[in-house]
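As provided, my_file37.txt (compact mmCIF, C-alpha atoms) reads as follows.
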# COMPACT_ATOMS: atom_id res chain seq x y z
CA MET A 1 -3.54 12.69 -19.74
CA PRO A 2 -5.18 11.03 -16.75
CA SER A 3 -7.53 8.21 -17.43
CA ALA A 4 -9.33 5.71 -15.26
CA LEU A 5 -10.19 2.10 -15.85
CA ILE A 6 -13.11 0.81 -13.81
CA ASN A 7 -14.44 -2.72 -13.67
CA VAL A 8 -17.89 -3.02 -12.08
CA PRO A 9 -20.38 -5.77 -12.98
CA LYS A 10 -23.30 -4.40 -15.05
CA LYS A 11 -25.85 -6.49 -13.21
CA ALA A 12 -26.08 -8.17 -9.83
CA LYS A 13 -28.64 -9.78 -7.57
CA ARG A 14 -29.81 -7.93 -4.46
CA GLY A 15 -27.43 -8.64 -1.61
CA ASP A 16 -24.58 -9.85 -3.81
CA VAL A 17 -21.02 -9.01 -2.83
CA ILE A 18 -19.32 -7.66 -5.93
CA GLU A 19 -15.68 -6.97 -6.67
CA ILE A 20 -14.71 -3.54 -7.99
CA LYS A 21 -11.39 -3.02 -9.75
CA THR A 22 -10.01 0.46 -10.37
CA LEU A 23 -6.93 1.76 -12.10
CA MET A 24 -5.93 5.40 -12.45
CA SER A 25 -3.04 6.35 -14.68
CA HIS A 26 -0.60 8.39 -12.60
CA ILE A 27 3.18 8.57 -12.31
CA MET A 28 3.16 8.32 -8.46
CA GLU A 29 6.52 10.11 -8.27
CA THR A 30 7.88 9.23 -4.82
CA GLY A 31 9.85 12.37 -4.06
CA TYR A 32 12.85 10.19 -3.22
CA ARG A 33 14.40 9.99 -6.67
CA HIS A 34 17.17 12.23 -7.97
CA THR A 35 18.00 13.42 -11.45
CA ALA A 36 21.47 12.82 -12.91
CA SER A 37 22.46 16.31 -11.69
CA GLY A 38 21.45 15.46 -8.13
CA ASP A 39 18.21 17.42 -7.83
CA VAL A 40 15.33 15.76 -6.00
CA VAL A 41 12.37 15.01 -8.26
CA PRO A 42 9.46 16.57 -6.33
CA ARG A 43 6.77 14.27 -4.97
CA ASP A 44 3.68 13.90 -7.14
CA ILE A 45 1.34 11.19 -5.92
CA ILE A 46 -2.34 10.43 -5.49
CA THR A 47 -3.01 10.74 -1.77
CA SER A 48 -6.65 9.72 -1.53
CA PHE A 49 -9.11 7.45 -3.29
CA THR A 50 -12.81 7.32 -2.48
CA CYS A 51 -15.68 5.23 -3.81
CA ARG A 52 -19.28 6.32 -3.16
CA PHE A 53 -22.48 4.49 -4.04
CA ASN A 54 -25.51 6.74 -4.55
CA GLY A 55 -23.71 9.39 -2.50
CA THR A 56 -22.69 7.15 0.43
CA GLU A 57 -19.03 6.36 0.95
CA VAL A 58 -18.40 2.61 0.64
CA PHE A 59 -14.61 2.51 0.42
CA ARG A 60 -11.73 4.91 0.98
CA ALA A 61 -7.96 4.62 0.85
CA ASP A 62 -5.00 6.82 1.85
CA LEU A 63 -2.12 6.30 -0.56
CA TYR A 64 1.58 6.81 0.12
CA PRO A 65 4.61 6.91 -2.22
CA ALA A 66 4.94 3.14 -1.64
CA ILE A 67 1.91 2.57 -3.89
CA ALA A 68 3.12 1.63 -7.38
CA ALA A 69 2.62 3.91 -10.39
CA ASN A 70 -0.85 3.78 -11.95
CA PRO A 71 -2.56 2.85 -8.67
CA PHE A 72 -4.59 -0.32 -9.04
CA ILE A 73 -7.02 -0.95 -6.20
CA THR A 74 -9.60 -3.69 -5.89
CA PHE A 75 -12.18 -4.06 -3.13
CA PHE A 76 -15.61 -5.51 -2.44
CA THR A 77 -19.03 -4.08 -1.70
CA THR A 78 -22.56 -5.35 -1.13
CA VAL A 79 -25.20 -4.12 -3.57
CA THR A 80 -28.73 -3.54 -2.34
CA GLU A 81 -30.20 -1.36 -5.06
CA SER A 82 -29.56 -0.13 -8.58
CA GLY A 83 -27.44 2.96 -8.70
CA LYS A 84 -24.25 4.71 -9.52
CA PHE A 85 -20.73 4.27 -8.19
CA GLU A 86 -18.63 7.42 -8.12
CA PHE A 87 -14.87 7.20 -7.87
CA GLU A 88 -12.61 10.07 -6.91
CA TRP A 89 -8.84 10.34 -6.87
CA ILE A 90 -7.16 13.35 -5.22
CA GLY A 91 -3.45 14.05 -5.22
CA ASP A 92 -0.51 16.44 -5.20
CA LYS A 93 -0.32 19.45 -7.53
CA GLY A 94 -4.10 19.78 -7.54
CA PHE A 95 -4.70 16.37 -9.08
CA SER A 96 -8.40 15.51 -9.03
CA GLU A 97 -10.15 12.98 -11.22
CA THR A 98 -13.50 11.28 -11.10
CA ALA A 99 -15.14 8.33 -12.80
CA GLN A 100 -18.55 6.69 -12.65
CA ALA A 101 -20.10 3.29 -13.19
CA SER A 102 -23.71 2.14 -12.99
CA ILE A 103 -25.09 -1.15 -11.78
CA THR A 104 -28.53 -2.71 -12.21
CA VAL A 105 -29.74 -4.77 -9.27
CA GLU A 106 -32.46 -7.31 -9.95
CA MET B 1 54.87 -6.63 8.60
CA ALA B 2 52.59 -9.37 7.42
CA ASN B 3 50.43 -8.72 10.42
CA SER B 4 50.01 -4.96 9.80
CA ASP B 5 49.20 -5.68 6.15
CA HIS B 6 46.52 -8.02 7.29
CA THR B 7 44.91 -5.46 9.57
CA ARG B 8 45.04 -2.80 6.86
CA ARG B 9 43.22 -5.12 4.49
CA THR B 10 40.69 -5.94 7.12
CA PHE B 11 40.18 -2.24 7.74
CA LEU B 12 39.81 -1.47 4.03
CA SER B 13 37.32 -4.26 3.48
CA LEU B 14 35.34 -3.12 6.49
CA THR B 15 35.14 0.51 5.40
CA GLY B 16 34.39 -0.56 1.83
CA GLY B 17 31.55 -2.71 3.08
CA ALA B 18 30.17 0.13 5.17
CA ALA B 19 30.28 2.51 2.20
CA MET B 20 28.38 0.00 0.10
CA MET B 21 25.66 -0.23 2.72
CA VAL B 22 25.22 3.53 2.69
CA ILE B 23 24.89 3.62 -1.08
CA VAL B 24 22.41 0.77 -1.25
CA ARG B 25 20.12 2.15 1.43
CA PRO B 26 20.04 5.93 1.18
CA ALA B 27 16.95 6.66 3.26
CA ASP B 28 15.60 3.71 5.17
CA ALA B 29 12.71 3.94 7.48
CA THR B 30 14.13 2.94 10.83
CA PRO B 31 12.47 0.39 13.11
CA ALA B 32 11.61 3.37 15.34
CA MET B 33 9.78 5.07 12.45
CA LEU B 34 7.92 1.84 11.76
CA SER B 35 6.79 1.38 15.34
CA ALA B 36 5.87 5.09 15.53
CA ALA B 37 3.74 4.74 12.38
CA ILE B 38 2.02 1.67 13.84
CA ARG B 39 1.47 3.41 17.21
CA ASN B 40 -0.06 6.30 15.30
CA ILE B 41 -2.79 3.96 14.08
CA VAL B 42 -3.29 1.55 16.96
CA GLY B 43 -2.51 3.86 19.89
CA GLU B 44 -1.93 1.90 23.07
CA ALA B 45 -3.94 -1.12 21.93
CA ASN B 46 -2.48 -4.58 21.70
CA VAL B 47 -1.82 -5.93 18.21
CA ARG B 48 -2.35 -9.69 18.02
CA THR B 49 -1.22 -12.01 15.26
CA GLY B 50 -3.97 -13.75 13.33
CA LYS B 51 -7.21 -13.24 11.39
CA VAL B 52 -5.31 -11.27 8.73
CA LYS B 53 -3.96 -12.91 5.59
CA LEU B 54 -1.27 -11.08 3.62
CA ASP B 55 -0.75 -12.45 0.12
CA ILE B 56 2.46 -11.16 -1.41
CA PRO B 57 5.06 -13.03 -3.48
CA PRO B 58 8.01 -14.18 -1.33
CA LEU B 59 10.45 -13.39 -4.15
CA VAL B 60 9.95 -10.48 -6.56
CA GLU B 61 12.16 -9.40 -9.40
CA ASN B 62 10.96 -5.83 -9.64
CA GLY B 63 10.29 -3.85 -6.48
CA ASN B 64 8.55 -1.14 -8.49
CA THR B 65 5.33 -3.09 -8.70
CA VAL B 66 4.60 -5.87 -6.26
CA PRO B 67 1.04 -7.27 -6.19
CA MET B 68 -0.39 -7.52 -2.71
CA THR B 69 -3.71 -8.74 -1.31
CA VAL B 70 -4.84 -8.37 2.29
CA SER B 71 -7.86 -10.27 3.51
CA VAL B 72 -9.32 -10.44 7.00
CA GLU B 73 -11.47 -13.15 8.55
CA SER B 74 -14.69 -11.41 9.47
CA PRO B 75 -18.43 -12.05 9.05
CA MET B 76 -18.78 -8.42 7.84
CA THR B 77 -22.14 -7.87 9.53
CA ALA B 78 -23.38 -4.70 11.20
CA ASP B 79 -22.14 -6.09 14.55
CA ALA B 80 -18.78 -7.48 13.51
CA TYR B 81 -16.87 -6.01 10.64
CA VAL B 82 -13.46 -4.70 9.64
CA LYS B 83 -13.12 -0.96 10.01
CA SER B 84 -9.77 -0.51 8.33
CA ILE B 85 -6.66 -2.21 7.01
CA HIS B 86 -3.24 -0.58 7.32
CA VAL B 87 -0.13 -1.76 5.52
CA PHE B 88 3.41 -0.96 6.63
CA ASN B 89 6.94 -1.77 5.52
CA GLU B 90 10.29 -1.93 7.21
CA LYS B 91 12.84 -0.38 4.85
CA ASN B 92 11.23 1.99 2.35
CA PRO B 93 11.96 5.70 2.99
CA GLN B 94 8.52 5.92 4.63
CA PRO B 95 6.98 3.23 6.84
CA ASN B 96 3.41 3.64 5.49
CA ILE B 97 2.17 1.93 2.36
CA GLY B 98 -1.57 2.51 2.49
CA ASN B 99 -4.67 2.75 4.68
CA PHE B 100 -7.93 1.22 3.49
CA TYR B 101 -11.25 2.03 5.15
CA LEU B 102 -14.07 -0.50 4.95
CA GLY B 103 -17.45 -0.96 6.55
CA PRO B 104 -20.15 -3.54 7.20
CA ARG B 105 -21.44 -3.16 3.65
CA SER B 106 -18.08 -4.11 2.15
CA GLY B 107 -19.30 -7.71 2.34
CA ARG B 108 -15.83 -9.12 2.14
CA ALA B 109 -12.80 -7.72 3.95
CA GLN B 110 -10.30 -7.91 1.14
CA VAL B 111 -8.26 -5.31 -0.74
CA SER B 112 -5.62 -5.66 -3.44
CA THR B 113 -3.15 -3.18 -4.82
CA ARG B 114 0.36 -2.96 -6.19
CA ILE B 115 3.14 -1.59 -4.04
CA ARG B 116 6.78 -0.51 -4.20
CA LEU B 117 9.52 -2.09 -2.13
CA ALA B 118 12.94 -0.43 -1.92
CA ASP B 119 14.66 -3.48 -0.46
CA SER B 120 14.14 -7.04 0.72
CA GLN B 121 12.09 -6.59 3.85
CA LYS B 122 9.09 -7.41 6.00
CA VAL B 123 5.63 -6.13 5.09
CA THR B 124 3.04 -5.90 7.86
CA ALA B 125 -0.73 -5.60 7.52
CA ILE B 126 -2.83 -4.55 10.51
CA ALA B 127 -6.62 -4.73 10.60
CA ARG B 128 -8.88 -2.78 12.95
CA LEU B 129 -12.11 -4.61 13.73
CA SER B 130 -15.40 -3.07 14.79
CA ASP B 131 -14.68 -3.99 18.44
CA ASP B 132 -11.46 -1.92 18.16
CA THR B 133 -9.15 -4.90 18.44
CA PHE B 134 -6.12 -5.02 16.14
CA TRP B 135 -4.87 -8.06 14.28
CA SER B 136 -1.82 -8.38 12.10
CA ALA B 137 0.08 -10.52 9.62
CA THR B 138 3.66 -10.15 8.44
CA ALA B 139 5.36 -11.48 5.32
CA ASP B 140 8.98 -11.50 4.21
CA VAL B 141 9.70 -10.38 0.66
CA VAL B 142 13.00 -10.74 -1.18
CA VAL B 143 13.43 -8.04 -3.84
CA THR B 144 16.00 -8.39 -6.62
CA LEU B 145 15.55 -4.98 -8.27
CA ALA B 146 14.72 -2.29 -5.72
CA ALA B 147 12.26 0.56 -6.31
CA CYS B 148 12.88 4.28 -5.64
CA THR B 149 16.67 4.19 -5.83
CA GLU B 150 17.15 4.52 -9.56
CA GLU B 151 17.89 7.88 -11.18
CA ALA B 152 15.13 9.73 -12.92
CA ILE B 153 15.96 10.78 -16.45
As a first step, turn the structure in this file into structure tokens.
Amino acid sequence: MPSALINVPKKAKRGDVIEIKTLMSHIMETGYRHTASGDVVPRDIITSFTCRFNGTEVFRADLYPAIAANPFITFFTTVTESGKFEFEWIGDKGFSETAQASITVE
Amino acid sequence: MANSDHTRRTFLSLTGGAAMMVIVRPADATPAMLSAAIRNIVGEANVRTGKVKLDIPPLVENGNTVPMTVSVESPMTADAYVKSIHVFNEKNPQPNIGNFYLGPRSGRAQVSTRIRLADSQKVTAIARLSDDTFWSATADVVVTLAACTEEAI
């Protein structure tokens, strides 16, 4: 069952640079492992992560099998107004998850 | 007699060693794959060393999850900012680790994540600045337990 953990400050001052931490539970199967019988375990990874603030993209990442399971990504952004962060993870086998977090700017 | 015995032993130890290498590294990215992956991003541009800081432990026990932070010296204004950060490795099956796209409103050019390393190797981070220059940093990591190679159950 996919689930996201998001850490965004609830409040910030206008112009502050804030840190955003995100974690999505996902196996990130590399496609390079074999079962005991020798079959390749098919690749199943998250390939793309996007963060938007009030509809505008503020951060994006392409992920490869070299990203560890349960991708944990932290980054920074400047806040200029109150609003909503939207997070989106897209991956193999039709994986698509979203999460949201709001911030109040004083 | 003693001499031929000696050469046979040498031969056996050599072939044994070679077989071990093959088992330990089933699907390395080759240096050619690495430079191709980097060329794919930077094109014909020159990549200079500097401005980028790659924080990664020099010795890790478990290659399945290695914390990594890349930061780039940049004022992060509308005129001078970091466009993207690209991370590569030498010996995983694939040379790419991740691409991170930033902009002037990022405020600080720094990203952290956790990566997999299939062997002791070099990790390289390359940053593209708003003036389309490329800067890089490289770190050596020694891995005791490699990722990717274990059997799935």
Please determine the residues with any atom at most 12 Å from (7.4, 1.5, 21.0) (coordinates as given in the file, with only C-alpha atoms counting) and report them as a PDB file with C-alpha atoms, in the coordinates of the input.
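Final output, selection23.pdb:
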ATOM      1  CA  PRO B  31      12.470   0.390  13.110  1.00  0.00           C
ATOM      2  CA  ALA B  32      11.610   3.370  15.340  1.00  0.00           C
ATOM      3  CA  MET B  33       9.780   5.070  12.450  1.00  0.00           C
ATOM      4  CA  LEU B  34       7.920   1.840  11.760  1.00  0.00           C
ATOM      5  CA  SER B  35       6.790   1.380  15.340  1.00  0.00           C
ATOM      6  CA  ALA B  36       5.870   5.090  15.530  1.00  0.00           C
ATOM      7  CA  ALA B  37       3.740   4.740  12.380  1.00  0.00           C
ATOM      8  CA  ILE B  38       2.020   1.670  13.840  1.00  0.00           C
ATOM      9  CA  ARG B  39       1.470   3.410  17.210  1.00  0.00           C
ATOM     10  CA  ASN B  40      -0.060   6.300  15.300  1.00  0.00           C
ATOM     11  CA  VAL B  42      -3.290   1.550  16.960  1.00  0.00           C
ATOM     12  CA  GLY B  43      -2.510   3.860  19.890  1.00  0.00           C
ATOM     13  CA  GLU B  44      -1.930   1.900  23.070  1.00  0.00           C
ATOM     14  CA  ALA B  45      -3.940  -1.120  21.930  1.00  0.00           C
ATOM     15  CA  ASN B  46      -2.480  -4.580  21.700  1.00  0.00           C
TER      16      ASN B  46
END
Taking all atoms listed in the file into account and nothing else, which residues of chain A lie no more than 8 Å away from chain B? Please answer as a short mmCIF file (atom, residue, chain, number, x, y, z; two decimals) with C-alpha atoms, in the frame of the given file.
data_model
loop_
_atom_site.label_atom_id
_atom_site.label_comp_id
_atom_site.auth_asym_id
_atom_site.auth_seq_id
_atom_site.Cartn_x
_atom_site.Cartn_y
_atom_site.Cartn_z
CA VAL A 17 -21.02 -9.01 -2.83
CA THR A 30 7.88 9.23 -4.82
CA TYR A 32 12.85 10.19 -3.22
CA ARG A 33 14.40 9.99 -6.67
CA HIS A 34 17.17 12.23 -7.97
CA THR A 35 18.00 13.42 -11.45
CA ALA A 36 21.47 12.82 -12.91
CA VAL A 41 12.37 15.01 -8.26
CA VAL A 58 -18.40 2.61 0.64
CA PHE A 59 -14.61 2.51 0.42
CA ARG A 60 -11.73 4.91 0.98
CA ALA A 61 -7.96 4.62 0.85
CA ASP A 62 -5.00 6.82 1.85
CA LEU A 63 -2.12 6.30 -0.56
CA TYR A 64 1.58 6.81 0.12
CA PRO A 65 4.61 6.91 -2.22
CA ALA A 66 4.94 3.14 -1.64
CA ILE A 67 1.91 2.57 -3.89
CA ALA A 68 3.12 1.63 -7.38
CA ALA A 69 2.62 3.91 -10.39
CA PRO A 71 -2.56 2.85 -8.67
CA PHE A 72 -4.59 -0.32 -9.04
CA ILE A 73 -7.02 -0.95 -6.20
CA THR A 74 -9.60 -3.69 -5.89
CA PHE A 75 -12.18 -4.06 -3.13
CA PHE A 76 -15.61 -5.51 -2.44
CA THR A 77 -19.03 -4.08 -1.70
CA THR A 78 -22.56 -5.35 -1.13
#
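For the atom pair formed by atom CA of A:Phe95 and atom CA of A:Asn54, the distance is 23.4 Å, given to one decimal.
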Self-check item: Between atom CA of B:Lys51 and atom CA of A:Asn7, distance in Å (one decimal)
Solution: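 Here the two named atoms are 28.1 Å from each other.
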Practice problem: For atom CA of A:Asp92 and atom CA of A:Val40, quote the distance in Å rounded to one decimal. | Solution: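 According to the coordinates, atom CA of A:Asp92 and atom CA of A:Val40 are separated by 15.9 Å.
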Exercise. Considering only C-alpha atoms, return as a list in words whatever protein or nucleic-acid residues lie within 12 Å of A:Ala101, sequence-local ones (same chain, fewer than 2 positions apart) excluded.
Key: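 That gives Ala4, Leu5, Ile6, Asn7, Val8, Pro9, Lys10, Lys11, Ile20, Lys21, Thr22, Cys51, Arg52, Phe53, Asn54, Ser82, Gly83, Lys84, Phe85, Glu86, Phe87, Glu88, Thr98, Ala99, Ile103 and Thr104 of chain A.
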